[in-house]
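Q: Contents of data_13.cif (mmCIF, C-alpha atoms):
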```cif
data_entry
#
loop_
_atom_site.label_atom_id
_atom_site.label_comp_id
_atom_site.auth_asym_id
_atom_site.auth_seq_id
_atom_site.Cartn_x
_atom_site.Cartn_y
_atom_site.Cartn_z
CA MET A 1 99.05 88.65 105.14
CA PRO A 2 99.85 86.11 107.85
CA ASP A 3 103.19 86.51 109.55
CA PRO A 4 104.30 82.94 110.33
CA SER A 5 106.87 84.08 112.87
CA GLU A 6 104.24 85.64 115.13
CA GLY A 7 101.07 83.98 113.86
CA LYS A 8 99.58 87.43 113.36
CA TYR A 9 98.66 89.68 110.44
CA GLN A 10 100.07 92.81 108.92
CA LEU A 11 99.34 95.20 106.08
CA SER A 12 101.49 97.53 104.06
CA ILE A 13 100.38 100.33 101.75
CA ARG A 14 102.51 102.64 99.61
CA ARG A 15 101.60 105.84 97.82
CA ARG A 16 103.28 108.65 95.93
CA MET A 17 102.83 112.05 97.54
CA PRO A 18 102.93 115.48 95.82
CA ALA A 19 105.57 117.06 98.08
CA THR A 20 109.10 116.53 99.36
CA ARG A 21 109.51 114.05 102.16
CA GLU A 22 110.40 116.87 104.55
CA ALA A 23 107.07 118.56 103.78
CA VAL A 24 105.23 115.24 103.96
CA PHE A 25 106.72 114.36 107.35
CA GLU A 26 105.87 117.81 108.67
CA ALA A 27 102.30 117.56 107.44
CA TRP A 28 101.84 114.04 108.81
CA THR A 29 102.82 115.27 112.28
CA ASP A 30 100.77 118.49 112.23
CA PRO A 31 97.75 118.01 114.50
CA HIS A 32 95.91 120.94 112.91
CA GLY A 33 96.21 119.66 109.34
CA LEU A 34 95.48 116.11 110.41
CA ARG A 35 91.82 116.93 111.04
CA GLU A 36 91.32 117.27 107.27
CA TRP A 37 92.75 113.94 106.16
CA MET A 38 92.73 111.42 109.01
CA CYS A 39 89.15 110.58 108.05
CA PRO A 40 88.57 107.01 106.86
CA GLY A 41 85.17 105.41 106.35
CA ASP A 42 82.34 107.60 107.58
CA ALA A 43 84.63 109.95 109.51
CA VAL A 44 84.22 113.57 108.47
CA SER A 45 86.84 115.20 110.68
CA ALA A 46 89.45 114.39 113.28
CA GLU A 47 91.04 115.89 116.36
CA ALA A 48 94.54 115.14 117.54
CA LYS A 49 96.94 115.80 120.37
CA LEU A 50 100.47 114.70 119.51
CA ASP A 51 103.47 114.67 121.82
CA LEU A 52 105.96 113.99 119.06
CA ARG A 53 108.97 112.49 120.84
CA VAL A 54 110.12 109.00 121.67
CA GLY A 55 107.98 107.92 124.60
CA GLY A 56 105.46 110.68 123.92
CA SER A 57 101.83 109.75 123.49
CA TYR A 58 99.13 110.78 121.05
CA ARG A 59 95.36 110.73 120.94
CA ILE A 60 93.46 110.90 117.68
CA VAL A 61 89.67 111.08 117.56
CA MET A 62 88.10 110.37 114.18
CA LYS A 63 84.62 111.85 114.14
CA SER A 64 81.67 110.63 112.13
CA LYS A 65 78.18 112.10 112.33
CA THR A 66 77.20 109.48 114.90
CA HIS A 67 80.33 108.22 116.58
CA ASP A 68 83.78 109.20 117.82
CA TYR A 69 86.56 106.68 117.11
CA VAL A 70 89.31 107.17 119.68
CA HIS A 71 92.86 106.00 118.98
CA THR A 72 95.83 106.29 121.29
CA GLY A 73 99.44 105.23 121.24
CA VAL A 74 103.04 105.97 122.08
CA TYR A 75 105.83 107.02 119.72
CA GLN A 76 108.67 104.51 119.62
CA VAL A 77 110.74 106.01 116.81
CA VAL A 78 110.71 109.67 115.73
CA ASP A 79 113.27 110.16 112.98
CA PRO A 80 112.43 113.21 110.83
CA PRO A 81 112.00 113.25 107.90
CA SER A 82 112.27 109.54 107.23
CA LYS A 83 110.49 107.40 109.82
CA LEU A 84 107.88 107.18 112.56
CA VAL A 85 106.99 104.14 114.63
CA PHE A 86 104.13 104.21 117.10
CA THR A 87 101.80 101.86 118.91
CA TRP A 88 98.16 102.05 117.88
CA THR A 89 95.18 101.14 120.03
CA ARG A 90 91.57 101.69 119.11
CA GLU A 91 89.37 102.25 122.12
CA GLU A 92 87.15 99.26 121.38
CA ASP A 93 89.98 96.89 120.44
CA GLU A 94 91.74 94.67 122.91
CA SER A 95 95.38 94.57 121.87
CA PRO A 96 97.72 97.35 120.77
CA THR A 97 99.13 97.11 117.25
CA LEU A 98 102.20 98.76 115.75
CA VAL A 99 102.40 101.29 112.90
CA THR A 100 105.56 102.21 110.98
CA VAL A 101 105.43 105.12 108.54
CA GLU A 102 108.40 105.61 106.24
CA PHE A 103 108.98 108.58 103.95
CA PHE A 104 111.16 108.18 100.84
CA ALA A 105 112.43 111.04 98.68
CA HIS A 106 111.71 111.16 94.95
CA GLY A 107 112.84 114.63 93.86
CA ASP A 108 110.01 117.09 94.45
CA GLU A 109 107.73 114.18 95.30
CA SER A 110 107.99 111.41 97.86
CA GLU A 111 106.62 108.00 98.67
CA LEU A 112 104.87 107.10 101.88
CA VAL A 113 105.02 103.47 103.01
CA LEU A 114 102.83 102.54 105.97
CA THR A 115 103.09 99.16 107.67
CA HIS A 116 100.56 98.19 110.32
CA GLU A 117 101.30 94.92 112.11
CA ARG A 118 100.41 92.65 115.02
CA PHE A 119 96.75 92.21 114.11
CA GLU A 120 95.10 89.27 115.81
CA ASN A 121 92.35 89.08 113.22
CA ALA A 122 92.56 89.06 109.40
CA ASP A 123 89.18 90.79 109.00
CA VAL A 124 90.28 93.68 111.19
CA MET A 125 93.51 93.90 109.20
CA LYS A 126 91.55 94.11 105.92
CA ARG A 127 89.34 96.82 107.39
CA TYR A 128 92.41 98.85 108.32
CA GLU A 129 93.92 98.29 104.87
CA GLY A 130 90.95 100.06 103.29
CA GLY A 131 91.00 102.75 105.96
CA TRP A 132 94.67 103.58 105.55
CA GLY A 133 94.21 103.59 101.74
CA THR A 134 91.48 106.21 102.04
CA ILE A 135 93.56 108.23 104.50
CA ALA A 136 96.54 108.17 102.12
CA GLU A 137 94.40 109.50 99.26
CA LYS A 138 92.99 112.29 101.41
CA PHE A 139 96.46 113.08 102.71
CA ALA A 140 97.73 113.44 99.11
CA ALA A 141 94.90 115.86 98.28
CA TYR A 142 95.66 117.83 101.45
CA LEU A 143 99.34 118.04 100.48
CA ALA A 144 98.37 119.25 96.99
CA LYS A 145 96.47 122.11 98.62
CA LEU A 146 99.54 123.01 100.70
CA VAL A 147 101.72 122.96 97.58
CA SER A 148 99.21 125.12 95.71
CA THR A 149 99.13 127.66 98.53
CA THR A 150 102.92 127.79 98.67
CA VAL A 151 103.15 128.33 94.90
CA ALA A 152 100.51 131.08 95.04
CA ARG A 153 102.39 132.87 97.84
CA SER A 154 105.68 132.69 95.96
CA LYS A 155 104.02 134.26 92.89
CA THR A 156 102.73 137.24 94.89
CA LYS A 157 106.14 138.05 96.39
CA MET B 1 103.38 103.94 69.40
CA PRO B 2 100.08 105.89 69.21
CA ASP B 3 98.78 108.04 72.06
CA ILE B 4 95.31 109.26 72.95
CA ARG B 5 95.26 112.98 73.71
CA GLN B 6 92.50 115.15 75.14
CA SER B 7 92.29 118.67 76.49
CA ILE B 8 89.55 120.53 78.34
CA GLN B 9 89.16 123.82 80.18
CA ILE B 10 87.75 123.51 83.69
CA ASP B 11 86.26 126.37 85.67
CA ALA B 12 87.91 125.33 88.93
CA PRO B 13 91.38 125.56 90.45
CA ALA B 14 93.85 122.69 90.07
CA VAL B 15 93.39 121.56 93.68
CA LYS B 16 89.76 120.74 92.83
CA VAL B 17 90.77 118.68 89.80
CA TYR B 18 93.76 116.96 91.41
CA PRO B 19 91.90 114.59 93.77
CA LEU B 20 89.62 113.55 90.91
CA VAL B 21 92.51 112.30 88.78
CA ASN B 22 94.90 111.28 91.56
CA SER B 23 92.83 108.86 93.63
CA GLY B 24 90.48 105.90 93.48
CA GLU B 25 87.87 107.93 95.33
CA GLY B 26 88.21 110.55 92.61
CA PHE B 27 87.88 107.98 89.80
CA SER B 28 84.61 106.79 91.30
CA LYS B 29 83.07 110.22 90.70
CA TRP B 30 83.55 110.31 86.92
CA TRP B 31 85.07 107.10 85.56
CA ALA B 32 83.94 103.86 87.21
CA GLU B 33 81.62 103.19 90.12
CA ASP B 34 83.46 99.95 90.94
CA VAL B 35 86.73 101.14 92.43
CA VAL B 36 88.76 99.17 94.97
CA LEU B 37 91.89 100.51 96.63
CA ARG B 38 94.81 98.10 96.63
CA PRO B 39 97.83 98.49 98.96
CA ASP B 40 99.82 100.01 96.10
CA GLY B 41 97.22 101.17 93.60
CA VAL B 42 93.65 101.04 92.38
CA ASP B 43 91.48 98.44 90.63
CA LEU B 44 88.64 99.65 88.38
CA GLY B 45 85.94 97.13 87.52
CA PHE B 46 83.77 97.26 84.39
CA PHE B 47 80.80 95.16 83.24
CA ASN B 48 80.50 93.10 86.42
CA ARG B 49 84.28 92.89 86.54
CA ALA B 50 84.52 91.20 83.13
CA THR B 51 87.22 93.82 82.67
CA VAL B 52 89.43 95.05 85.50
CA TYR B 53 92.09 97.68 85.03
CA SER B 54 94.74 97.82 87.74
CA VAL B 55 96.75 101.02 87.89
CA HIS B 56 99.35 102.46 90.21
CA LEU B 57 100.77 105.94 90.63
CA VAL B 58 104.21 106.70 89.25
CA ARG B 59 103.94 110.50 89.45
CA SER B 60 101.79 112.42 91.88
CA ALA B 61 102.72 116.09 91.57
CA LEU B 62 100.01 118.76 91.60
CA VAL B 63 100.89 119.65 87.99
CA GLU B 64 101.04 116.08 86.72
CA THR B 65 99.62 112.77 87.83
CA GLU B 66 100.71 109.65 85.98
CA TRP B 67 99.30 106.15 86.42
CA LEU B 68 100.91 103.03 84.99
CA CYS B 69 98.45 100.36 83.86
CA ASP B 70 99.27 96.91 85.21
CA SER B 71 96.53 94.89 83.50
CA GLY B 72 94.33 94.78 80.40
CA GLN B 73 95.17 93.14 77.09
CA GLU B 74 95.88 96.41 75.32
CA TRP B 75 96.21 98.63 78.40
CA LYS B 76 99.02 96.82 80.22
CA GLY B 77 102.13 98.96 80.13
CA THR B 78 100.29 102.08 78.93
CA ARG B 79 100.29 105.29 80.95
CA LEU B 80 97.56 107.75 81.94
CA ARG B 81 98.86 111.29 82.29
CA PHE B 82 96.80 114.17 83.68
CA HIS B 83 98.57 117.52 83.34
CA LEU B 84 97.02 120.48 85.17
CA ASN B 85 97.84 124.06 84.27
CA GLU B 86 96.02 126.63 86.42
CA THR B 87 95.58 130.24 85.35
CA LYS B 88 93.43 132.71 87.28
CA GLY B 89 91.43 130.00 89.01
CA GLN B 90 90.79 128.00 85.85
CA THR B 91 92.54 124.78 84.95
CA GLN B 92 93.54 123.43 81.58
CA LEU B 93 93.51 119.64 81.85
CA ARG B 94 95.67 117.95 79.26
CA PHE B 95 95.26 114.21 79.21
CA MET B 96 97.31 111.56 77.46
CA HIS B 97 96.86 107.80 77.37
CA ALA B 98 100.32 106.95 76.13
CA GLY B 99 102.18 103.90 74.97
CA TRP B 100 99.64 101.91 72.98
CA GLU B 101 101.16 99.13 70.94
CA ALA B 102 98.97 99.68 67.88
CA ASP B 103 96.20 101.80 66.39
CA THR B 104 93.46 99.20 66.86
CA ASP B 105 89.67 99.44 66.88
CA TYR B 106 89.82 99.34 70.68
CA PHE B 107 92.31 102.22 70.67
CA VAL B 108 89.86 104.28 68.62
CA SER B 109 86.90 103.39 70.85
CA CYS B 110 88.91 104.34 73.92
CA THR B 111 89.59 107.70 72.30
CA THR B 112 85.84 108.26 72.15
CA THR B 113 85.39 107.15 75.76
CA TRP B 114 88.16 109.38 77.08
CA GLY B 115 86.52 112.34 75.35
CA ALA B 116 83.28 111.64 77.20
CA LEU B 117 85.16 111.17 80.45
CA MET B 118 86.79 114.59 80.19
CA PHE B 119 83.36 116.23 80.43
CA ARG B 120 82.59 114.17 83.56
CA ILE B 121 85.83 115.34 85.18
CA LYS B 122 84.92 118.91 84.30
CA ALA B 123 81.43 118.60 85.79
CA ALA B 124 82.69 116.96 88.98
CA ALA B 125 85.42 119.56 89.49
CA GLU B 126 82.97 122.40 88.89
CA GLY B 127 80.54 120.97 91.45
CA LYS B 128 77.86 120.10 88.91
CA PRO B 129 75.80 116.90 89.02
CA SER B 130 77.89 114.05 87.66
CA VAL B 131 78.18 110.30 88.08
CA ALA B 132 80.72 107.81 86.82
CA LEU B 133 80.37 106.95 83.13
CA PHE B 134 80.53 103.25 84.01
CA SER B 135 78.22 101.70 86.57
CA LYS B 136 79.19 98.36 88.08
CA THR B 137 77.31 96.53 85.34
CA GLY B 138 77.61 98.69 82.24
CA TRP B 139 77.34 102.22 80.93
CA ALA B 140 75.64 104.82 83.09
CA LEU B 141 74.42 106.89 80.18
#
```
Let me see whether you can do it: turn the structure in this file into structure tokens.

A:
Amino acid sequence: MPDPSEGKYQLSIRRRMPATREAVFEAWTDPHGLREWMCPGDAVSAEAKLDLRVGGSYRIVMKSKTHDYVHTGVYQVVDPPSKLVFTWTREEDESPTLVTVEFFAHGDESELVLTHERFENADVMKRYEGGWGTIAEKFAAYLAKLVSTTVARSKTK
Amino acid sequence: MPDIRQSIQIDAPAVKVYPLVNSGEGFSKWWAEDVVLRPDGVDLGFFNRATVYSVHLVRSALVETEWLCDSGQEWKGTRLRFHLNETKGQTQLRFMHAGWEADTDYFVSCTTTWGALMFRIKAAAEGKPSVALFSKTGWAL
């Protein structure tokens, strides 16, 4: 939606997640796990290098069968297990945007709220809205697998 | 208030069933081809969008997913619950469409439809050929 104060666009998505917010934060910042779920659109896998500290940078490459989509940025807020803020720049795009990810506790579940702002173009914003929605669904399925594995291990002990 | 209840045994672990009942992408594999993700939920379109059901997640645990229905004359305020109980790699899916206002003809027809949908979930989770029961324009029978 348009932000009249800046004349730019932002999106916000929210989704329930099948794990505690501590587990969700940990999974969101795990570069190994990320390759399974940071895959919107035609992306089938991802690679990531994360320097998870304020001022640290990251590089995420979403890989489709024909193209690599490179994203880079710098962490501005790292507040486990409740909040991350980082700049976001796609290689082909001109201006950096800003992503805030918040994690809210709901017992043994949690809610993830992702806000992506400072878009120059509404069409690009809408494209990202669909992309983040897909990522959130894949992330939930990934978390369910982690939960399942943890439960299975606890039963064998 | 009447509830619709279904149960089916699936030859797949719960993690295979979970994404099918917990996401719009999953719905598109057995329920409706016309699925659009919203910022806080999912829209399912039927019969060229003559009917659109909007739902959002209120519970998202591996053992139980619950969606609250935000639209639909008789669906608004009802809840879709998918309970997964895994034993030795097999999953018992117990489904409930809860909170109907009345035992109407539409309630009964939805009971029939949910029964058919359970078999589509089972096929999709077991990796067998399956498409959504509803195409964008009608039934995909």

Q: Within 7 Å of chain A, which residues belong to chain B? Use only C-alpha atoms and report them as an MDAnalysis selection string.

A: chainID B and resid 15 19 23 37 39:40 57 59:62

Q: What lies within 12 Å of Asp42 of chain A using only C-alpha atoms, ignoring chain neighbours under 5 positions off, as a PyMOL selection string?

A: chain A and resi 62-69+131+134-135

Q: Which residues fall under the PyMOL selection byres ((chain A and resi 71) around 12) in this file, as a PDB file with C-alpha atoms, keeping the file's coordinate frame?

A:
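Dumped to result_13.pdb:
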```pdb
ATOM      1  CA  MET A  38      92.730 111.420 109.010  1.00  0.00           C
ATOM      2  CA  ALA A  46      89.450 114.390 113.280  1.00  0.00           C
ATOM      3  CA  GLU A  47      91.040 115.890 116.360  1.00  0.00           C
ATOM      4  CA  ALA A  48      94.540 115.140 117.540  1.00  0.00           C
ATOM      5  CA  LYS A  49      96.940 115.800 120.370  1.00  0.00           C
ATOM      6  CA  LEU A  50     100.470 114.700 119.510  1.00  0.00           C
ATOM      7  CA  SER A  57     101.830 109.750 123.490  1.00  0.00           C
ATOM      8  CA  TYR A  58      99.130 110.780 121.050  1.00  0.00           C
ATOM      9  CA  ARG A  59      95.360 110.730 120.940  1.00  0.00           C
ATOM     10  CA  ILE A  60      93.460 110.900 117.680  1.00  0.00           C
ATOM     11  CA  VAL A  61      89.670 111.080 117.560  1.00  0.00           C
ATOM     12  CA  MET A  62      88.100 110.370 114.180  1.00  0.00           C
ATOM     13  CA  LYS A  63      84.620 111.850 114.140  1.00  0.00           C
ATOM     14  CA  ASP A  68      83.780 109.200 117.820  1.00  0.00           C
ATOM     15  CA  TYR A  69      86.560 106.680 117.110  1.00  0.00           C
ATOM     16  CA  VAL A  70      89.310 107.170 119.680  1.00  0.00           C
ATOM     17  CA  THR A  72      95.830 106.290 121.290  1.00  0.00           C
ATOM     18  CA  GLY A  73      99.440 105.230 121.240  1.00  0.00           C
ATOM     19  CA  VAL A  74     103.040 105.970 122.080  1.00  0.00           C
ATOM     20  CA  PHE A  86     104.130 104.210 117.100  1.00  0.00           C
ATOM     21  CA  THR A  87     101.800 101.860 118.910  1.00  0.00           C
ATOM     22  CA  TRP A  88      98.160 102.050 117.880  1.00  0.00           C
ATOM     23  CA  THR A  89      95.180 101.140 120.030  1.00  0.00           C
ATOM     24  CA  ARG A  90      91.570 101.690 119.110  1.00  0.00           C
ATOM     25  CA  GLU A  91      89.370 102.250 122.120  1.00  0.00           C
ATOM     26  CA  GLU A  92      87.150  99.260 121.380  1.00  0.00           C
ATOM     27  CA  ASP A  93      89.980  96.890 120.440  1.00  0.00           C
ATOM     28  CA  PRO A  96      97.720  97.350 120.770  1.00  0.00           C
ATOM     29  CA  THR A  97      99.130  97.110 117.250  1.00  0.00           C
TER      30      THR A  97
END
```

Q: Do you know which residues are at most 9 Å from segment 113-116 of chain B counting all atoms listed in the file, after dropping those on the same chain fewer than 2 positions away, and could you put them as a short mmCIF file (atom, residue, chain, number, x, y, z; two decimals) with C-alpha atoms, in the frame of the given file?

A:
```cif
data_model
loop_
_atom_site.label_atom_id
_atom_site.label_comp_id
_atom_site.auth_asym_id
_atom_site.auth_seq_id
_atom_site.Cartn_x
_atom_site.Cartn_y
_atom_site.Cartn_z
CA ILE B 4 95.31 109.26 72.95
CA ARG B 5 95.26 112.98 73.71
CA GLN B 6 92.50 115.15 75.14
CA SER B 7 92.29 118.67 76.49
CA PHE B 95 95.26 114.21 79.21
CA HIS B 97 96.86 107.80 77.37
CA VAL B 108 89.86 104.28 68.62
CA SER B 109 86.90 103.39 70.85
CA CYS B 110 88.91 104.34 73.92
CA THR B 111 89.59 107.70 72.30
CA MET B 118 86.79 114.59 80.19
CA PHE B 119 83.36 116.23 80.43
CA ARG B 120 82.59 114.17 83.56
CA LEU B 133 80.37 106.95 83.13
#
```

Q: Scan for residues within 12 Å of the point (96.8, 96.8, 81.7) in the coordinates of the file, using only C-alpha atoms, and reply as a list in words.

A: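 In the file's frame, the residues around the point are Val42, Asp43, Leu44, Thr51, Val52, Tyr53, Ser54, Val55, His56, Trp67, Leu68, Cys69, Asp70, Ser71, Gly72, Gln73, Glu74, Trp75, Lys76, Gly77, Thr78, Arg79, Leu80, His97, Gly99, Trp100 and Glu101 of chain B.
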
Q: Pick the closest to Pro80 of chain A from A:Leu98, A:Ala43, A:Ala152, A:Leu52: which is it, counting only C-alpha atoms?

A: A:Leu52

Q: Have a look at atom CA of Val124 of chain A and atom CA of Val101 of chain A and let me know their distance in Å, one decimal.

A: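 Separation of atom CA of Val124 of chain A and atom CA of Val101 of chain A: 19.2 Å.
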
Q: Could you tell me how far atom CA of Gly127 of chain B lies from atom CA of Gly89 of chain B, in Å and to one decimal?

A: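 Straight-line distance from atom CA of Gly127 of chain B to atom CA of Gly89 of chain B works out to 14.4 Å.
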